[in-house]
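Below is one structure, written out as structure tokens; comments come after it.
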Protein chains: 2
Amino acid sequence: MTPTLKAEPISQAAIAGLAELIEAEGAADKLINQGLCGRFHDRASLDIAGDAGISVFKSASFSLPYRMEMMERHPHGSQAFLPMQEGTYLVVLAEDKAGAPHNPRAFIAGPGQGVNIGRNVWHGVLCPLSDTPPQAALFMVVDRVTDGPNLEEHWFDEPYTIEK
Amino acid sequence: MTPTLKAEPISQAAIAGLAELIEAEGAADKLINQGLCGRFHDRASLDIAGDAGISVFKSASFSLPYRMEMMERHPHGSQAFLPMQEGTYLVVLAEDKAGAPHNPRAFIAGPGQGVNIGRNVWHGVLCPLSDTPPQAALFMVVDRVTDGPNLEEHWFDEPYTIEK
């Protein structure tokens with residue numbers, strides 16, 4: 001029997017220590033533009049060795065249940081995913097144990113919610129959710145753009161099934 | 001008579017030298033995630049003195065014609081606006097002449113299009129467009145998060161009217 005994960009709504013508390021939720025929650029830190037715009041200031045810890053940059057990811061979308069065969073991590077930098085549309089996406093995070101992901105947990109992020117995954121934190125690949133996959137979804141990604149290796153993959157002997 | 005600007009569709013060529021269009025245009029630089037995701041790599045020149053960070057802007061929206069009374073610039077860093085919804089927004093840019101904006105031009109950016117405004121380039125404030133203003137719109141913003149002054153404003157004697 002394949003191991004199964006139930007995806008839960010994402011929250012700052014639930015992902016603490018592994019990733020940061022980037023969203024306009026609560027009161028703005030500052031009102032700008034004559035009071036018409038709230039600035040929710042500096043909501044991600046960019047922890048990048050080398051140069052940070054902005055790239056665009058255009059990904060196929062998926063539906064649940066989702067079969068997760070692999071998790072990855074980036075030893076040289078954090079990676080922020082910022083959705084460009086109002087759909088949901090799946091975020092899977094895990095602590096490390098002896099160089100492998102340990103007890104992965106699955107979360108669903110929604111419109112206006114970016115996620116900054118910590119440096120060297122195990123995570124699933126970008127996984128936009130759609131009722132009509134493989135419709136493409138766009139994300140702005142803030143991560144390390146310096147050349148050179150920055151990826152470690154872990155393939156599971158028994159893939160996980162992630163469901164609602 | 002107030003000076004009038006006609007907003008034109010944004011393009012990389014039209015804003016060259018002042019700002020960069022960040023979008024998934026043309027072929028991806030790299031296919032990742034087993035070929036299911038295209039990475040359009042490093043599409044913005046982050047030119048930030050101090051620390052770069054990610055903030056969220058939650059702004060009222062506006063409709064055209066729009067009255068532009070002021071332009072601003074940030075001497076210590078570039079500023080990227082990344083829309084979190086599929087609406088359009090207005091981008092006004094100008095060259096500098098003797099410390100003031102010169103010949104501003106207005107552009108309309110759309111879904112999946114981010115704009116990175118160059119360091120110390122005159123621009124209008126964030127201006128999401130909506131048929132039902134003041135509905136709020138969300139943008140992720142990558143700019144300087146270091147404390148300290150980083151804003152210069154120029155108020156026009158005669159405000160501009162920006163129209164379709």
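FYI, nothing fancy with the structure tokens labels: chains A, B, ... in order, residues from 1 per chain, ligands from 1 as they appear.
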Got a sec: who's within 12 Å of region 145-151 of chain A, counting only C-alpha atoms, leaving out chain neighbours fewer than 6 positions off, as a PyMOL selection string?
(chain A and resi 48-56+71-79+119-123+125) or (chain B and resi 32-33+39-46)
Set the distance at 8 Å and use only C-alpha atoms: which residues neighbour region 7-18 of chain B once local chain neighbours fewer than 6 positions away are removed? I'd like the list as a VMD selection string.
chain B and resid 90 93 to 95 105 to 109 117 to 118 121 162 to 164
Choose the residue, out of A:Leu126, A:Lys6, A:Cys37, A:Ala19, that has the smallest atom-to-atom separation from Phe139 (chain B); count only C-alpha atoms.
A:Cys37
Between B:Ile22, B:Val91, B:Ala27, B:Leu129, which one has atoms that come closest to chain A, using only C-alpha atoms?
B:Ile22
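Taking only C-alpha atoms into account, chain B lies nearest to A:Lys58 out of the set A:Lys97, A:Lys58, A:Arg67, A:Arg144.
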Please report, as a ChimeraX atom specification, each residue of chain B to which DSSP assigns alpha helix (DSSP H) when run on this structure's backbone.
/B:12-15
Selection to disk with C-alpha atoms, as an mmCIF file, in the first residue's frame:
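Wrote out16.cif, looks like this:
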```cif
data_model
loop_
_atom_site.group_PDB
_atom_site.id
_atom_site.type_symbol
_atom_site.label_atom_id
_atom_site.label_comp_id
_atom_site.auth_asym_id
_atom_site.auth_seq_id
_atom_site.Cartn_x
_atom_site.Cartn_y
_atom_site.Cartn_z
ATOM 1 C CA GLN B 12 10.028 44.801 -23.787
ATOM 2 C CA ALA B 13 11.160 47.004 -26.660
ATOM 3 C CA ALA B 14 8.941 49.917 -25.682
ATOM 4 C CA ILE B 15 10.294 50.153 -22.132
#
```
Go through chain A and collect every residue that DSSP, computed from the backbone, puts in strand (DSSP E); the answer should be as a count of residues only.
84
Could you name the residues that touch Val115 (chain B) at 8 Å or less, counting only C-alpha atoms, but leaving out those on the same chain fewer than 4 positions away, as a PyMOL selection string?
chain B and resi 19-22+80-82
Which residue gives the smallest distance to chain B among A:Leu64, A:Leu5, A:Met84, A:Ala137, with only C-alpha atoms counted?
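Among the listed residues, A:Met84 lies closest to chain B.
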Rounded to one decimal, what separation in Å do you get between CA of Gly110 (chain B) and CA of Pro83 (chain B)?
8.6 Å
Rounded to one decimal, what separation in Å do you get between CA of Met68 (chain A) and CA of Gly124 (chain A)?
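A separation of 7.4 Å between them.
Between CA of Asp29 (chain A) and CA of Phe57 (chain B) the interatomic distance comes to 10.2 Å.
Remark: for Ser59 (chain B), the closest of the candidate residues B:Gly26, B:Tyr89, B:Gly114, B:Asn103 is B:Tyr89 (distances computed over only C-alpha atoms).
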